[in-house]
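These notes concern the structure reproduced below.
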Amino acid sequence: MAGSPVEWGKDRPAQSVRTCIGCRQREPSAELLRIVARHRESGSPGFAVVPDPRRRLPGRGAWLHPVSACLRSAERRRAFGRALRVSGNLDISALEQYLENRHEHS
Ligand SMILES: [Zn+2]
């Protein structure tokens with residue numbers, strides 16, 4: 001473990017930085033959870049907000065700290081619809097469940 005200190009983050013291409021839609025803080029995207037809006041099952045109007053931890057789902061995404069405080073403030077400010085460009089009913093229960101499960105394991 002010898003060697004010169006490496007200056008991370010100076011000359012390297014910057015990691016992408018995203019803004020949490022809950023608290024509006026800018027973070028490296030690795031710190032944030034990607035979320036996307038998906039059409040609900042046919043017959044149900046509106047959209048569902050789902051977590052996309054692997055960042056593979058198509059469509060417009062938004063970013064959120066994976067904590068309930070940021071979920072709540074995004075919900076209160078109606079940031080989901082704005083960030084995801086959808087209107088109408090937004091079902092965030094899948095996201096809530098995802099965050100709850102995370103907490104159980106930590
Ligand atoms: Zn946040």
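Residue numbers start at 1 in each chain; chains themselves are named A, B, ... in the order of the structure tokens; ligands are numbered from 1 in the order shown.
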
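Among all protein and nucleic acid residues, the ones that lie within 6 Å of ligand 1 when counting only C-alpha atoms and all ligand atoms are Cys20, Gly22, Cys23, Leu64, His65 and Cys70 of chain A.
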
* DSSP helix (DSSP H, G or I) residues within chain A, listed as number ranges by chain -> A: 29-31, 68-76, 79-84, 93-104

Would you save the residues of that selection, restricted to N, CA and C atoms, as a compact mmCIF listing (two decimals), in the first residue's frame?
# COMPACT_ATOMS: atom_id res chain seq x y z
N SER A 29 -24.41 10.40 -9.24
CA SER A 29 -25.58 9.55 -9.45
C SER A 29 -25.48 8.23 -8.70
N ALA A 30 -24.25 7.83 -8.33
CA ALA A 30 -24.11 6.58 -7.58
C ALA A 30 -24.81 6.66 -6.22
N GLU A 31 -24.99 7.85 -5.69
CA GLU A 31 -25.61 8.02 -4.38
C GLU A 31 -27.12 8.06 -4.46
N SER A 68 -36.67 7.83 3.05
CA SER A 68 -38.06 8.22 3.04
C SER A 68 -38.24 9.73 3.20
N ALA A 69 -37.28 10.39 3.85
CA ALA A 69 -37.41 11.85 4.00
C ALA A 69 -37.47 12.52 2.63
N CYS A 70 -36.63 12.07 1.73
CA CYS A 70 -36.63 12.69 0.40
C CYS A 70 -37.85 12.25 -0.39
N LEU A 71 -38.27 11.02 -0.19
CA LEU A 71 -39.51 10.57 -0.83
C LEU A 71 -40.67 11.45 -0.41
N ARG A 72 -40.74 11.71 0.90
CA ARG A 72 -41.86 12.51 1.40
C ARG A 72 -41.82 13.93 0.87
N SER A 73 -40.65 14.52 0.84
CA SER A 73 -40.65 15.91 0.39
C SER A 73 -40.90 15.98 -1.11
N ALA A 74 -40.46 14.99 -1.86
CA ALA A 74 -40.77 14.98 -3.28
C ALA A 74 -42.28 14.84 -3.48
N GLU A 75 -42.88 14.01 -2.66
CA GLU A 75 -44.31 13.79 -2.77
C GLU A 75 -45.06 15.08 -2.41
N ARG A 76 -44.63 15.70 -1.34
CA ARG A 76 -45.31 16.91 -0.88
C ARG A 76 -45.22 18.01 -1.93
N ALA A 79 -43.07 16.69 -6.85
CA ALA A 79 -41.89 16.72 -7.72
C ALA A 79 -41.86 15.53 -8.68
N PHE A 80 -42.55 14.47 -8.34
CA PHE A 80 -42.51 13.29 -9.20
C PHE A 80 -43.10 13.60 -10.58
N GLY A 81 -44.26 14.16 -10.57
CA GLY A 81 -44.91 14.45 -11.83
C GLY A 81 -44.11 15.42 -12.68
N ARG A 82 -43.54 16.40 -12.01
CA ARG A 82 -42.79 17.39 -12.74
C ARG A 82 -41.51 16.78 -13.32
N ALA A 83 -40.81 16.02 -12.49
CA ALA A 83 -39.53 15.46 -12.94
C ALA A 83 -39.75 14.39 -14.00
N LEU A 84 -40.82 13.68 -13.89
CA LEU A 84 -41.04 12.55 -14.80
C LEU A 84 -41.96 12.93 -15.96
N SER A 93 -46.48 3.59 -4.41
CA SER A 93 -46.39 2.53 -3.39
C SER A 93 -45.23 1.58 -3.66
N ALA A 94 -44.90 1.36 -4.92
CA ALA A 94 -43.77 0.46 -5.21
C ALA A 94 -42.47 1.06 -4.70
N LEU A 95 -42.39 2.36 -4.82
CA LEU A 95 -41.19 3.04 -4.34
C LEU A 95 -41.14 3.03 -2.81
N GLU A 96 -42.27 3.25 -2.20
CA GLU A 96 -42.32 3.21 -0.74
C GLU A 96 -41.89 1.84 -0.22
N GLN A 97 -42.40 0.82 -0.88
CA GLN A 97 -42.04 -0.53 -0.45
C GLN A 97 -40.56 -0.78 -0.62
N TYR A 98 -40.03 -0.32 -1.71
CA TYR A 98 -38.61 -0.53 -1.97
C TYR A 98 -37.78 0.11 -0.86
N LEU A 99 -38.14 1.32 -0.46
CA LEU A 99 -37.37 2.01 0.57
C LEU A 99 -37.54 1.33 1.92
N GLU A 100 -38.74 0.87 2.20
CA GLU A 100 -38.95 0.17 3.47
C GLU A 100 -38.10 -1.09 3.55
N ASN A 101 -38.04 -1.81 2.47
CA ASN A 101 -37.24 -3.03 2.48
C ASN A 101 -35.77 -2.73 2.67
N ARG A 102 -35.34 -1.66 2.07
CA ARG A 102 -33.94 -1.28 2.27
C ARG A 102 -33.65 -1.03 3.75
N HIS A 103 -34.58 -0.39 4.41
CA HIS A 103 -34.33 -0.06 5.81
C HIS A 103 -34.27 -1.30 6.68
N GLU A 104 -35.06 -2.31 6.32
CA GLU A 104 -35.04 -3.52 7.12
C GLU A 104 -33.68 -4.17 7.13

* To do: Could you check how far CA of Gly59 in chain A sits from CA of Ala37 in chain A, in Å to one decimal?
  =>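 These two atoms are separated by 7.6 Å.
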
* To do: Take CA of Ala62 in chain A and CA of Val50 in chain A and report the distance between them in Å, one decimal.
  =>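 So the answer is 10.4 Å.
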
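Here CA of Val36 in chain A stands at a distance of 17.7 Å from CA of Ser16 in chain A.
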
* Asked: Taking into account only C-alpha atoms, which residue in the set A:Leu57, A:Ala48, A:Ile35, A:Val67 is nearest to Ser87 in chain A?
  -> A:Ala48
